[in-house]
>>> print(open('start.cif').read())   # mmCIF, C-alpha atoms and all ligand atoms
data_upload
#
loop_
_atom_site.label_atom_id
_atom_site.label_comp_id
_atom_site.auth_asym_id
_atom_site.auth_seq_id
_atom_site.Cartn_x
_atom_site.Cartn_y
_atom_site.Cartn_z
CA MET A 18 0.00 0.00 0.00
CA ASN A 19 2.70 2.48 1.00
CA ASN A 20 6.43 2.51 1.67
CA LEU A 21 6.14 3.83 5.19
CA PRO A 22 7.27 1.57 8.04
CA MET A 23 4.63 -0.28 10.04
CA ILE A 24 3.21 1.62 13.02
CA PRO A 25 3.57 -0.81 15.91
CA PHE A 26 0.86 -1.33 18.51
CA SER A 27 2.66 -0.70 21.78
CA PRO A 28 6.48 -0.70 21.76
CA PRO A 29 8.15 0.05 25.12
CA ARG A 30 9.90 3.33 25.79
CA MET A 31 13.53 2.31 26.29
CA ASP A 32 15.94 5.22 26.35
CA GLN A 33 19.42 6.00 27.67
CA LYS A 34 18.14 6.79 31.15
CA ILE A 35 16.74 3.28 31.52
CA ILE A 36 19.82 1.71 29.96
CA ASP A 37 22.05 3.60 32.41
CA GLU A 38 20.01 2.46 35.39
CA VAL A 39 20.08 -1.18 34.23
CA VAL A 40 23.84 -0.99 33.63
CA ASP A 41 24.25 0.46 37.11
CA THR A 42 22.49 -2.63 38.50
CA LEU A 43 24.51 -5.00 36.32
CA LYS A 44 27.74 -3.47 37.62
CA SER A 45 26.59 -3.27 41.24
CA GLY A 46 27.29 -6.92 42.05
CA TRP A 47 23.63 -7.49 42.94
CA ILE A 48 21.28 -8.40 40.06
CA THR A 49 18.42 -10.34 41.66
CA THR A 50 15.93 -9.25 44.35
CA GLY A 51 17.65 -6.65 46.48
CA PRO A 52 17.81 -2.93 47.24
CA LYS A 53 16.31 -1.72 43.95
CA THR A 54 13.32 -4.05 44.19
CA LYS A 55 12.67 -2.90 47.75
CA LEU A 56 13.03 0.75 46.70
CA PHE A 57 10.63 0.19 43.78
CA GLU A 58 8.11 -1.38 46.19
CA ASN A 59 8.28 1.68 48.42
CA LYS A 60 7.89 4.01 45.45
CA ILE A 61 4.76 2.15 44.30
CA SER A 62 3.33 2.38 47.83
CA GLU A 63 4.03 6.13 47.76
CA PHE A 64 2.43 6.51 44.33
CA THR A 65 -0.74 4.56 45.17
CA GLN A 66 -0.89 5.23 48.94
CA ALA A 67 -1.16 1.46 49.47
CA SER A 68 -0.04 0.37 52.93
CA LYS A 69 2.41 -2.21 51.52
CA THR A 70 3.59 -3.40 48.10
CA LEU A 71 5.27 -6.65 47.06
CA CYS A 72 6.93 -6.86 43.64
CA LEU A 73 6.98 -10.10 41.65
CA ASN A 74 7.90 -11.37 38.20
CA SER A 75 4.33 -10.99 36.88
CA ALA A 76 0.80 -9.94 37.70
CA SER A 77 -0.29 -13.53 37.14
CA ALA A 78 1.99 -14.66 39.98
CA GLY A 79 0.61 -11.88 42.18
CA LEU A 80 -3.01 -12.84 41.57
CA GLU A 81 -2.26 -16.50 42.29
CA LEU A 82 -0.27 -15.80 45.47
CA VAL A 83 -3.16 -13.77 46.86
CA LEU A 84 -5.68 -16.51 46.04
CA ARG A 85 -3.38 -19.04 47.76
CA TRP A 86 -2.91 -16.73 50.75
CA TYR A 87 -6.69 -16.49 51.10
CA GLY A 88 -6.85 -20.30 50.99
CA VAL A 89 -8.80 -20.60 47.74
CA GLY A 90 -8.98 -24.21 46.57
CA ALA A 91 -11.16 -27.11 45.47
CA GLY A 92 -14.86 -26.53 46.14
CA ASP A 93 -14.50 -22.73 46.10
CA GLU A 94 -15.82 -20.32 43.49
CA VAL A 95 -14.20 -17.14 42.19
CA ILE A 96 -16.19 -14.60 40.17
CA VAL A 97 -14.39 -13.24 37.10
CA PRO A 98 -15.65 -11.04 34.23
CA ALA A 99 -16.05 -12.89 30.91
CA TYR A 100 -14.28 -9.92 29.31
CA THR A 101 -10.63 -10.22 30.38
CA TYR A 102 -7.28 -11.76 29.57
CA ALA A 103 -6.68 -15.44 30.34
CA ALA A 104 -4.47 -14.70 33.37
CA THR A 105 -7.44 -13.62 35.50
CA ALA A 106 -9.20 -16.97 35.17
CA ASN A 107 -6.22 -19.30 34.70
CA VAL A 108 -4.88 -18.56 38.19
CA VAL A 109 -8.24 -19.63 39.64
CA VAL A 110 -7.95 -22.92 37.75
CA HIS A 111 -4.39 -23.38 39.10
CA CYS A 112 -5.80 -23.21 42.63
CA GLY A 113 -8.34 -25.94 41.86
CA ALA A 114 -11.29 -23.59 42.32
CA LYS A 115 -14.19 -22.98 39.94
CA VAL A 116 -14.23 -19.91 37.67
CA VAL A 117 -17.65 -18.26 37.63
CA PHE A 118 -17.80 -15.90 34.66
CA VAL A 119 -20.18 -12.94 34.72
CA ASP A 120 -21.22 -10.74 31.83
CA VAL A 121 -19.95 -7.13 31.87
CA ASN A 122 -21.76 -3.78 31.56
CA ASP A 123 -21.69 -1.62 28.42
CA GLN A 124 -18.41 -0.06 29.58
CA PHE A 125 -16.56 -3.43 29.55
CA LEU A 126 -16.57 -3.49 33.36
CA MET A 127 -17.85 -5.82 36.04
CA ASP A 128 -21.54 -5.34 36.77
CA ALA A 129 -22.26 -5.49 40.52
CA GLN A 130 -25.83 -6.72 39.97
CA LYS A 131 -24.66 -9.61 37.84
CA VAL A 132 -22.01 -10.38 40.43
CA ASN A 133 -24.66 -10.38 43.14
CA ALA A 134 -26.72 -12.90 41.18
CA ALA A 135 -23.65 -15.16 40.80
CA ILE A 136 -22.69 -15.24 44.51
CA THR A 137 -23.19 -18.57 46.29
CA GLU A 138 -22.10 -20.04 49.63
CA ARG A 139 -18.95 -21.18 47.86
CA THR A 140 -17.88 -17.75 46.60
CA LYS A 141 -14.56 -16.75 48.18
CA VAL A 142 -13.18 -14.04 45.89
CA ILE A 143 -14.40 -11.52 43.29
CA MET A 144 -11.88 -10.31 40.70
CA PRO A 145 -12.88 -7.07 38.97
CA VAL A 146 -10.73 -6.08 35.98
CA ASP A 147 -9.95 -2.43 35.14
CA ILE A 148 -10.15 -2.95 31.40
CA GLY A 149 -8.21 -0.49 29.25
CA GLY A 150 -7.23 1.40 32.42
CA MET A 151 -10.73 2.41 33.55
CA PRO A 152 -11.48 1.38 37.16
CA ALA A 153 -14.45 -0.87 37.82
CA ASP A 154 -17.29 0.38 40.06
CA TYR A 155 -15.50 -0.30 43.35
CA ASP A 156 -18.08 1.45 45.55
CA ALA A 157 -20.78 -0.90 44.30
CA LEU A 158 -18.54 -3.97 44.62
CA ASN A 159 -17.18 -3.07 48.07
CA GLN A 160 -20.72 -2.38 49.31
CA LEU A 161 -21.93 -5.65 47.87
CA VAL A 162 -19.43 -7.86 49.72
CA ASN A 163 -20.08 -5.94 52.94
CA SER A 164 -23.88 -6.20 52.72
CA ILE A 165 -25.55 -8.26 55.43
CA GLU A 166 -27.21 -10.52 52.89
CA VAL A 167 -24.00 -11.41 51.06
CA LYS A 168 -21.99 -11.70 54.28
CA SER A 169 -24.53 -14.12 55.72
CA LYS A 170 -23.88 -16.51 52.83
CA PHE A 171 -20.10 -16.50 53.38
CA LYS A 172 -18.69 -19.72 54.84
CA PRO A 173 -15.16 -19.09 56.19
CA GLU A 174 -12.90 -22.13 56.16
CA ASN A 175 -9.63 -20.85 57.62
CA GLU A 176 -8.18 -18.15 59.85
CA VAL A 177 -7.88 -15.32 57.30
CA GLN A 178 -11.32 -16.00 55.88
CA ASN A 179 -12.63 -15.89 59.43
CA GLN A 180 -10.89 -12.62 60.13
CA LEU A 181 -12.21 -10.92 56.97
CA GLY A 182 -15.61 -12.56 57.41
CA ARG A 183 -16.63 -11.94 53.83
CA ILE A 184 -15.75 -12.34 50.18
CA LEU A 185 -12.31 -10.88 49.31
CA ILE A 186 -12.08 -8.45 46.40
CA LEU A 187 -8.91 -8.95 44.39
CA SER A 188 -8.56 -6.26 41.73
CA ASP A 189 -6.88 -7.23 38.45
CA ALA A 190 -5.40 -3.82 37.80
CA ALA A 191 -2.97 -5.02 35.13
CA HIS A 192 -4.01 -1.98 33.04
CA SER A 193 -4.75 0.69 35.59
CA LEU A 194 -1.69 1.96 37.47
CA GLY A 195 -2.25 5.72 37.59
CA ALA A 196 -6.03 5.51 37.25
CA TYR A 197 -8.30 7.25 39.76
CA TYR A 198 -11.72 6.48 41.16
CA LYS A 199 -13.48 9.07 43.34
CA GLY A 200 -10.18 10.77 44.09
CA LYS A 201 -8.35 7.60 45.11
CA ALA A 202 -5.59 5.91 43.13
CA ALA A 203 -5.83 2.39 41.75
CA GLY A 204 -4.07 0.33 44.42
CA ILE A 205 -6.31 1.39 47.29
CA LEU A 206 -9.75 0.98 45.74
CA THR A 207 -10.39 -2.36 47.40
CA ASP A 208 -8.80 -5.11 49.58
CA VAL A 209 -5.94 -6.18 47.33
CA THR A 210 -4.81 -4.86 43.93
CA VAL A 211 -2.42 -6.45 41.46
CA PHE A 212 -0.58 -4.46 38.75
CA SER A 213 1.28 -5.79 35.71
CA PHE A 214 4.55 -4.43 34.36
CA HIS A 215 4.63 -6.67 31.29
CA ALA A 216 6.33 -5.18 28.21
CA VAL A 217 3.10 -3.88 26.64
CA LYS A 218 1.67 -2.37 29.80
CA ASN A 219 1.65 1.35 30.68
CA LEU A 220 4.63 1.00 33.02
CA THR A 221 7.02 -1.81 32.27
CA THR A 222 9.86 -3.76 33.86
CA ALA A 223 9.94 -6.13 30.79
CA GLU A 224 8.14 -8.70 32.92
CA GLY A 225 6.86 -7.90 36.38
CA GLY A 226 3.96 -7.28 38.68
CA ALA A 227 3.07 -5.95 42.10
CA ILE A 228 0.60 -6.72 44.87
CA CYS A 229 -0.73 -3.68 46.77
CA LEU A 230 -2.28 -4.41 50.15
CA ASN A 231 -5.14 -2.30 51.41
CA LEU A 232 -6.85 -4.73 53.80
CA PRO A 233 -9.25 -3.48 56.49
CA GLN A 234 -8.04 -2.51 59.95
CA GLY A 235 -6.96 -5.43 62.09
CA PHE A 236 -4.90 -7.09 59.37
CA ASP A 237 -1.16 -6.97 59.98
CA VAL A 238 0.05 -5.94 56.53
CA GLU A 239 3.73 -6.24 57.48
CA GLN A 240 3.09 -9.84 58.44
CA ILE A 241 1.06 -10.54 55.27
CA TYR A 242 3.81 -8.97 53.17
CA LYS A 243 6.26 -11.41 54.79
CA GLU A 244 3.96 -14.36 54.13
CA LEU A 245 3.48 -13.41 50.47
CA ASN A 246 7.22 -12.78 50.07
CA LEU A 247 7.93 -16.21 51.52
CA LYS A 248 5.48 -17.79 49.08
CA SER A 249 7.32 -16.06 46.23
CA LEU A 250 10.66 -17.61 47.29
CA HIS A 251 10.06 -21.32 47.88
CA GLY A 252 8.95 -20.73 51.46
CA GLN A 253 12.58 -20.01 52.33
CA ASN A 254 12.78 -17.95 55.49
CA LYS A 255 15.87 -15.98 54.42
CA ASP A 256 16.28 -14.45 50.97
CA ALA A 257 19.58 -14.44 49.07
CA LEU A 258 20.46 -10.93 50.24
CA ALA A 259 19.90 -11.75 53.93
CA LYS A 260 22.12 -14.80 53.53
CA THR A 261 25.05 -12.66 52.34
CA GLN A 262 25.38 -11.22 55.84
CA ILE A 263 28.37 -12.73 57.61
CA GLY A 264 27.57 -15.99 59.36
CA ASN A 265 23.91 -15.82 58.27
CA TRP A 266 23.97 -18.91 56.04
CA ARG A 267 21.46 -21.19 57.76
CA TYR A 268 17.88 -21.14 56.48
CA ASP A 269 14.67 -23.11 56.72
CA ILE A 270 11.87 -24.01 54.30
CA VAL A 271 8.57 -23.36 56.02
CA GLU A 272 6.24 -24.21 53.11
CA ALA A 273 6.42 -25.50 49.52
CA GLY A 274 6.39 -22.01 48.01
CA TYR A 275 6.72 -20.77 44.43
CA LYS A 276 9.52 -18.91 42.64
CA CYS A 277 8.27 -15.63 41.26
CA ASN A 278 10.36 -12.82 42.77
CA MET A 279 11.30 -9.63 40.88
CA THR A 280 14.96 -9.05 39.98
CA ASP A 281 16.80 -5.78 40.61
CA ILE A 282 17.47 -5.60 36.85
CA ALA A 283 13.71 -5.43 36.26
CA ALA A 284 13.20 -3.06 39.19
CA SER A 285 15.77 -0.63 37.79
CA ILE A 286 13.66 -0.26 34.63
CA GLY A 287 10.59 0.25 36.79
CA LEU A 288 12.23 2.91 38.96
CA ILE A 289 12.91 5.14 35.95
CA GLU A 290 9.49 4.39 34.44
CA LEU A 291 7.72 5.34 37.67
CA GLU A 292 9.79 8.50 38.19
CA ARG A 293 8.37 10.01 34.98
CA TYR A 294 5.08 8.16 34.86
CA GLN A 295 2.57 10.75 36.07
CA GLU A 296 4.05 13.90 34.53
CA ASP A 297 5.30 12.46 31.29
CA MET A 298 3.98 9.03 30.28
CA LEU A 299 0.37 9.58 31.38
CA VAL A 300 0.31 13.08 29.89
CA LYS A 301 1.41 11.69 26.53
CA ARG A 302 -1.09 8.84 26.66
CA LYS A 303 -3.93 11.18 27.56
CA TYR A 304 -2.95 13.41 24.63
CA ILE A 305 -3.20 10.43 22.26
CA PHE A 306 -6.58 9.41 23.74
CA ASP A 307 -7.85 12.98 23.31
CA GLN A 308 -6.72 13.11 19.68
CA TYR A 309 -8.43 9.82 18.84
CA ALA A 310 -11.59 10.81 20.71
CA GLU A 311 -11.77 14.17 18.93
CA ALA A 312 -11.13 12.67 15.49
CA PHE A 313 -13.66 9.84 15.76
CA SER A 314 -16.38 11.78 17.55
CA HIS A 315 -17.30 13.28 14.15
CA PHE A 316 -18.36 9.89 12.82
CA GLU A 317 -21.73 8.33 13.41
CA TRP A 318 -20.20 4.82 13.27
CA ALA A 319 -17.70 5.43 16.05
CA ILE A 320 -18.32 4.54 19.69
CA VAL A 321 -15.53 6.31 21.54
CA PRO A 322 -14.57 4.71 24.87
CA SER A 323 -15.22 6.74 27.98
CA TYR A 324 -11.95 7.38 29.78
CA GLU A 325 -12.81 10.36 31.97
CA THR A 326 -16.09 10.42 33.87
CA GLU A 327 -17.38 12.22 36.95
CA VAL A 328 -16.19 9.36 39.13
CA ALA A 329 -13.17 7.90 37.38
CA THR A 330 -10.12 8.73 35.29
CA SER A 331 -8.40 6.11 33.19
CA SER A 332 -4.69 5.35 33.04
CA TYR A 333 -5.15 5.61 29.26
CA HIS A 334 -3.88 2.08 28.67
CA VAL A 335 -5.93 0.77 25.72
CA PHE A 336 -8.03 2.93 23.39
CA MET A 337 -10.94 0.58 22.80
CA LEU A 338 -12.78 1.99 19.79
CA ARG A 339 -16.02 0.31 18.74
CA ILE A 340 -17.59 0.35 15.30
CA LYS A 341 -21.35 0.82 15.67
CA GLY A 342 -23.35 -1.80 13.81
CA ALA A 343 -20.35 -3.82 12.64
CA THR A 344 -20.62 -7.59 12.90
CA GLU A 345 -17.65 -9.64 14.05
CA ALA A 346 -16.84 -10.52 10.43
CA GLN A 347 -17.03 -6.86 9.36
CA ARG A 348 -14.83 -5.85 12.26
CA ASP A 349 -12.28 -8.48 11.22
CA ALA A 350 -12.39 -7.14 7.65
CA ILE A 351 -11.85 -3.57 8.91
CA ILE A 352 -8.81 -4.74 10.88
CA GLN A 353 -7.43 -6.41 7.76
CA HIS A 354 -7.69 -3.12 5.85
CA ILE A 355 -6.10 -1.17 8.70
CA PHE A 356 -3.12 -3.52 8.58
CA ASP A 357 -2.93 -2.91 4.81
CA TYR A 358 -2.27 0.73 5.68
CA LYS A 359 0.70 -0.43 7.79
CA VAL A 360 -0.97 0.25 11.11
CA SER A 361 -1.00 -2.38 13.88
CA VAL A 362 -4.19 -2.75 15.86
CA ASN A 363 -5.51 -5.38 18.26
CA VAL A 364 -8.66 -6.71 19.87
CA HIS A 365 -8.92 -6.59 23.67
CA PHE A 366 -9.96 -9.28 24.40
CA ILE A 367 -11.30 -12.43 22.80
CA PRO A 368 -13.73 -13.43 25.59
CA LEU A 369 -12.56 -16.34 27.72
CA PRO A 370 -15.74 -18.46 27.54
CA SER A 371 -15.13 -18.70 23.77
CA MET A 372 -11.60 -20.13 24.15
CA SER A 373 -11.11 -23.88 23.50
CA TYR A 374 -10.02 -24.66 27.03
CA TYR A 375 -12.92 -22.89 28.71
CA ARG A 376 -15.39 -24.28 26.17
CA SER A 377 -14.09 -27.75 27.02
CA LEU A 378 -15.09 -27.06 30.64
CA GLY A 379 -18.64 -26.33 29.48
CA TYR A 380 -18.69 -22.52 29.37
CA ASP A 381 -20.88 -21.10 26.61
CA MET A 382 -20.48 -17.66 25.03
CA ALA A 383 -24.28 -17.48 24.61
CA ASN A 384 -24.48 -16.74 28.34
CA TYR A 385 -22.49 -13.51 28.01
CA PRO A 386 -24.33 -11.46 25.36
CA GLN A 387 -23.03 -8.03 26.43
CA THR A 388 -19.45 -9.31 26.41
CA TYR A 389 -19.96 -10.69 22.90
CA ALA A 390 -21.60 -7.47 21.69
CA LEU A 391 -18.65 -5.38 22.91
CA TYR A 392 -15.99 -7.77 21.66
CA SER A 393 -17.52 -8.23 18.21
CA ASN A 394 -17.06 -4.60 17.10
CA GLU A 395 -14.03 -3.59 19.19
CA ILE A 396 -10.67 -2.44 17.76
CA SER A 397 -7.80 -1.31 20.02
CA LEU A 398 -5.62 1.44 18.52
CA PRO A 399 -1.89 2.08 19.03
CA VAL A 400 -1.06 4.10 22.15
CA TYR A 401 2.60 4.51 23.09
CA TYR A 402 5.05 7.16 24.20
CA GLY A 403 6.90 7.49 20.91
CA LEU A 404 3.79 7.83 18.71
CA THR A 405 4.24 11.04 16.67
CA ASP A 406 1.47 13.39 15.51
CA GLN A 407 2.10 12.25 11.95
CA GLN A 408 1.71 8.60 12.91
CA LEU A 409 -1.38 9.42 14.94
CA GLN A 410 -2.93 10.98 11.85
CA ARG A 411 -1.99 7.90 9.81
CA VAL A 412 -3.78 5.68 12.33
CA ILE A 413 -6.90 7.87 12.21
CA ASP A 414 -6.90 7.96 8.40
CA ALA A 415 -6.38 4.20 8.18
CA VAL A 416 -9.32 3.50 10.49
CA ILE A 417 -11.64 5.88 8.61
CA SER A 418 -10.65 4.47 5.20
CA ALA A 419 -11.00 0.89 6.40
CA VAL A 420 -14.44 1.51 7.87
CA ASN A 421 -15.57 3.24 4.66
CA LYS A 422 -14.49 0.21 2.65
CA VAL A 423 -16.38 -2.28 4.78
CA LEU A 424 -19.51 -0.57 6.10
C1 LIG B 501 -1.46 -8.50 31.10
C2 LIG B 501 -2.62 -8.89 31.90
C3 LIG B 501 -2.49 -9.76 33.01
C4 LIG B 501 -1.24 -10.52 33.28
O1 LIG B 501 -0.12 -9.76 33.53
P1 LIG B 501 1.30 -10.51 33.59
O2 LIG B 501 2.18 -9.52 34.26
O3 LIG B 501 1.69 -10.75 32.16
O4 LIG B 501 1.14 -11.75 34.34
C5 LIG B 501 -3.59 -10.00 33.80
N1 LIG B 501 -4.78 -9.44 33.52
C6 LIG B 501 -4.97 -8.61 32.46
C7 LIG B 501 -6.31 -8.01 32.23
C8 LIG B 501 -3.90 -8.34 31.61
O5 LIG B 501 -4.08 -7.56 30.53
#
>>> encode(input="start.cif", output="structure tokens")
Amino acid sequence: MNNLPMIPFSPPRMDQKIIDEVVDTLKSGWITTGPKTKLFENKISEFTQASKTLCLNSASAGLELVLRWYGVGAGDEVIVPAYTYAATANVVVHCGAKVVFVDVNDQFLMDAQKVNAAITERTKVIMPVDIGGMPADYDALNQLVNSIEVKSKFKPENEVQNQLGRILILSDAAHSLGAYYKGKAAGILTDVTVFSFHAVKNLTTAEGGAICLNLPQGFDVEQIYKELNLKSLHGQNKDALAKTQIGNWRYDIVEAGYKCNMTDIAASIGLIELERYQEDMLVKRKYIFDQYAEAFSHFEWAIVPSYETEVATSSYHVFMLRIKGATEAQRDAIIQHIFDYKVSVNVHFIPLPSMSYYRSLGYDMANYPQTYALYSNEISLPVYYGLTDQQLQRVIDAVISAVNKVL
């Protein structure tokens, strides 16, 4: 079509500042979990106001560790939106519990009424997902799990479940670091929040994730941090850094833990990313969102995502454009044309109940009509730090031309 290079979907922003910080770590003599990881944890706590943060090698690991900490296992149910990435549900399967999918609302987010209808005596955890960077309705969800009716159904089966006395809310905030809901940052909107720092996410450490604790009064977050940290390091009661202290070689294994700690190499990327996240990265992403919103608002066929409302502000992670009236096949054809213009786009996400594995367990997409309706005409557009005005215009032109060809 043209000789211009392909516009990528979401390349990371890797510049000299990050390279210098990584090299500093490489030369420091300490490359795995150590001072930079601990500093990064404190910086995330500062940024979100969470009472404690634990960094790991992925959000998936974080979600699973929290489920394990809460004692989720066989016979339990965990409520997950049908509209999410596989990680949210797969970790529930790992624990041996049952995934209960619920349909979403017309903003791609968890619908508290549908969640309420899905709660049973077996429900232990609800996992809202802040799709595209827009926080779910946490007031409605927090109120729901604290309501007398829902609490009376809850059957605690261990000490922590007894202490909380209700369903735990575990926020999959893989997209939403930097988002706000009613003046509060993602990280403190509910009991526990997990962020992802995967390469395509808003803030990256190449691979990485973090658990932010915001449990009600009475929970000893320092102690829970230690427990989760232990679970991330084979249940070994002394980490590698502690063992370097003179004479401090002896250790014990107190449980059969996992191995999912963050390295200081990864943390050094994250430290630079976080330093310039609010004033630089988010400003740029908002600018791109605003340009797309302005350009497409002139077209009757465009459903522009809402990313700033009276209650919430997005982290501007994914611009989820929808094409009004397009069928799934037409949407696919539009995407094909967009690629012909050398522009990379994506679909967030192919709903989980339609995936082979989940179908084999008996889930049926017919039960999630709103999820299907949103998915079938959704196209995610490129949003990244290095996207120039010229490229932005090329994306807009490609989308308009492609839609005109198909609709
Ligand atoms: C990326 C993503 C995850 C998983 O993050 P990892 O850090 O790759 O484990 C979980 N949930 C959602 C919605 C995601 O997009």
>>> closest_residue(input="start.cif", among="A:Gln66, A:Asn246, A:Ser314, A:Ser285", to="Val40 in chain A", atoms="all atoms listed in the file")
A:Ser285
>>> residues_near_ligand(input="start.cif", ligand="ligand LIG 501 (chain B)", cutoff="8 Å", atoms="only C-alpha atoms and all ligand atoms", output="list in words")
Asn74, Ser75, Ala76, Ser77, Ala78, Gly79, Thr101, Tyr102, Ala103, Ala104, Thr105, Val146, Asp147, Ile148, Asp189, Ala190, Ala191, His192, Phe212, Ser213, Phe214, His215, Val217, Lys218, Glu224, Gly225 and Gly226 of chain A
>>> closest_residue(input="start.cif", among="A:Asp41, A:Glu345, A:Asp156, A:Glu81", to="Val328 in chain A", atoms="only C-alpha atoms")
A:Asp156
>>> residues_around(input="start.cif", residues="Phe313 in chain A", least_positions_apart="3", cutoff="12 Å", atoms="all atoms listed in the file", output="list of chain:residue names")
A:Phe306, A:Asp307, A:Gln308, A:Tyr309, A:Ala310, A:Phe316, A:Glu317, A:Trp318, A:Ala319, A:Ile320, A:Val321, A:Pro322, A:Phe336, A:Met337, A:Leu338, A:Arg339, A:Ile340, A:Lys341, A:Leu398, A:Gln410, A:Val412, A:Ile413, A:Asp414, A:Ala415, A:Val416, A:Ile417, A:Val420
>>> residues_around(input="start.cif", residues="Leu80 in chain A", least_positions_apart="6", cutoff="10 Å", atoms="all atoms listed in the file", output="ChimeraX atom specification")
/A:86,104-109,144,187-189,209-212,226-228
>>> residues_around(input="start.cif", residues="Glu176 in chain A", least_positions_apart="3", cutoff="12 Å", atoms="only C-alpha atoms", output="MDAnalysis selection string")
chainID A and resid 86:88 172:173 179:182 236
>>> atom_distance(input="start.cif", atom1="CA of Trp266 in chain A", atom2="CA of Thr49 in chain A")
17.6 Å
>>> closest_residue(input="start.cif", among="A:Ala257, A:Ala202, A:Ala390, A:Val121", to="Thr280 in chain A", atoms="all atoms listed in the file")
A:Ala257
>>> closest_residue(input="start.cif", among="A:Leu220, A:Asp406, A:Val116, A:Val364", to="Leu288 in chain A", atoms="only C-alpha atoms")
A:Leu220
>>> build_atoms(input="start.cif", residues="range 43-54 of chain A", atoms="N, CA, C and O atoms", output="PDB file, keeping the file's coordinate frame")
ATOM      1  N   LEU A  43      23.655  -3.905  36.804  1.00  0.00           N
ATOM      2  CA  LEU A  43      24.510  -5.000  36.320  1.00  0.00           C
ATOM      3  C   LEU A  43      25.921  -4.897  36.924  1.00  0.00           C
ATOM      4  O   LEU A  43      26.555  -5.907  37.218  1.00  0.00           O
ATOM      5  N   LYS A  44      26.377  -3.669  37.100  1.00  0.00           N
ATOM      6  CA  LYS A  44      27.740  -3.470  37.620  1.00  0.00           C
ATOM      7  C   LYS A  44      27.790  -3.483  39.147  1.00  0.00           C
ATOM      8  O   LYS A  44      28.878  -3.465  39.726  1.00  0.00           O
ATOM      9  N   SER A  45      26.632  -3.458  39.781  1.00  0.00           N
ATOM     10  CA  SER A  45      26.590  -3.270  41.240  1.00  0.00           C
ATOM     11  C   SER A  45      27.002  -4.526  42.015  1.00  0.00           C
ATOM     12  O   SER A  45      27.271  -4.460  43.200  1.00  0.00           O
ATOM     13  N   GLY A  46      26.981  -5.685  41.327  1.00  0.00           N
ATOM     14  CA  GLY A  46      27.290  -6.920  42.050  1.00  0.00           C
ATOM     15  C   GLY A  46      26.039  -7.554  42.622  1.00  0.00           C
ATOM     16  O   GLY A  46      26.073  -8.630  43.224  1.00  0.00           O
ATOM     17  N   TRP A  47      24.885  -6.903  42.463  1.00  0.00           N
ATOM     18  CA  TRP A  47      23.630  -7.490  42.940  1.00  0.00           C
ATOM     19  C   TRP A  47      22.561  -7.355  41.870  1.00  0.00           C
ATOM     20  O   TRP A  47      22.064  -6.262  41.614  1.00  0.00           O
ATOM     21  N   ILE A  48      22.191  -8.497  41.207  1.00  0.00           N
ATOM     22  CA  ILE A  48      21.280  -8.400  40.060  1.00  0.00           C
ATOM     23  C   ILE A  48      19.889  -8.963  40.354  1.00  0.00           C
ATOM     24  O   ILE A  48      18.938  -8.662  39.658  1.00  0.00           O
ATOM     25  N   THR A  49      19.765  -9.823  41.381  1.00  0.00           N
ATOM     26  CA  THR A  49      18.420 -10.340  41.660  1.00  0.00           C
ATOM     27  C   THR A  49      17.743  -9.513  42.755  1.00  0.00           C
ATOM     28  O   THR A  49      18.157  -8.380  43.017  1.00  0.00           O
ATOM     29  N   THR A  50      16.699 -10.044  43.378  1.00  0.00           N
ATOM     30  CA  THR A  50      15.930  -9.250  44.350  1.00  0.00           C
ATOM     31  C   THR A  50      16.816  -8.637  45.411  1.00  0.00           C
ATOM     32  O   THR A  50      17.535  -9.355  46.102  1.00  0.00           O
ATOM     33  N   GLY A  51      16.778  -7.328  45.516  1.00  0.00           N
ATOM     34  CA  GLY A  51      17.650  -6.650  46.480  1.00  0.00           C
ATOM     35  C   GLY A  51      17.197  -5.221  46.684  1.00  0.00           C
ATOM     36  O   GLY A  51      15.996  -4.939  46.658  1.00  0.00           O
ATOM     37  N   PRO A  52      18.176  -4.312  46.871  1.00  0.00           N
ATOM     38  CA  PRO A  52      17.810  -2.930  47.240  1.00  0.00           C
ATOM     39  C   PRO A  52      16.917  -2.223  46.229  1.00  0.00           C
ATOM     40  O   PRO A  52      16.032  -1.464  46.620  1.00  0.00           O
ATOM     41  N   LYS A  53      17.123  -2.455  44.934  1.00  0.00           N
ATOM     42  CA  LYS A  53      16.310  -1.720  43.950  1.00  0.00           C
ATOM     43  C   LYS A  53      14.870  -2.222  43.928  1.00  0.00           C
ATOM     44  O   LYS A  53      13.936  -1.435  43.747  1.00  0.00           O
ATOM     45  N   THR A  54      14.693  -3.519  44.129  1.00  0.00           N
ATOM     46  CA  THR A  54      13.320  -4.050  44.190  1.00  0.00           C
ATOM     47  C   THR A  54      12.601  -3.464  45.399  1.00  0.00           C
ATOM     48  O   THR A  54      11.443  -3.044  45.308  1.00  0.00           O
TER      49      THR A  54
END
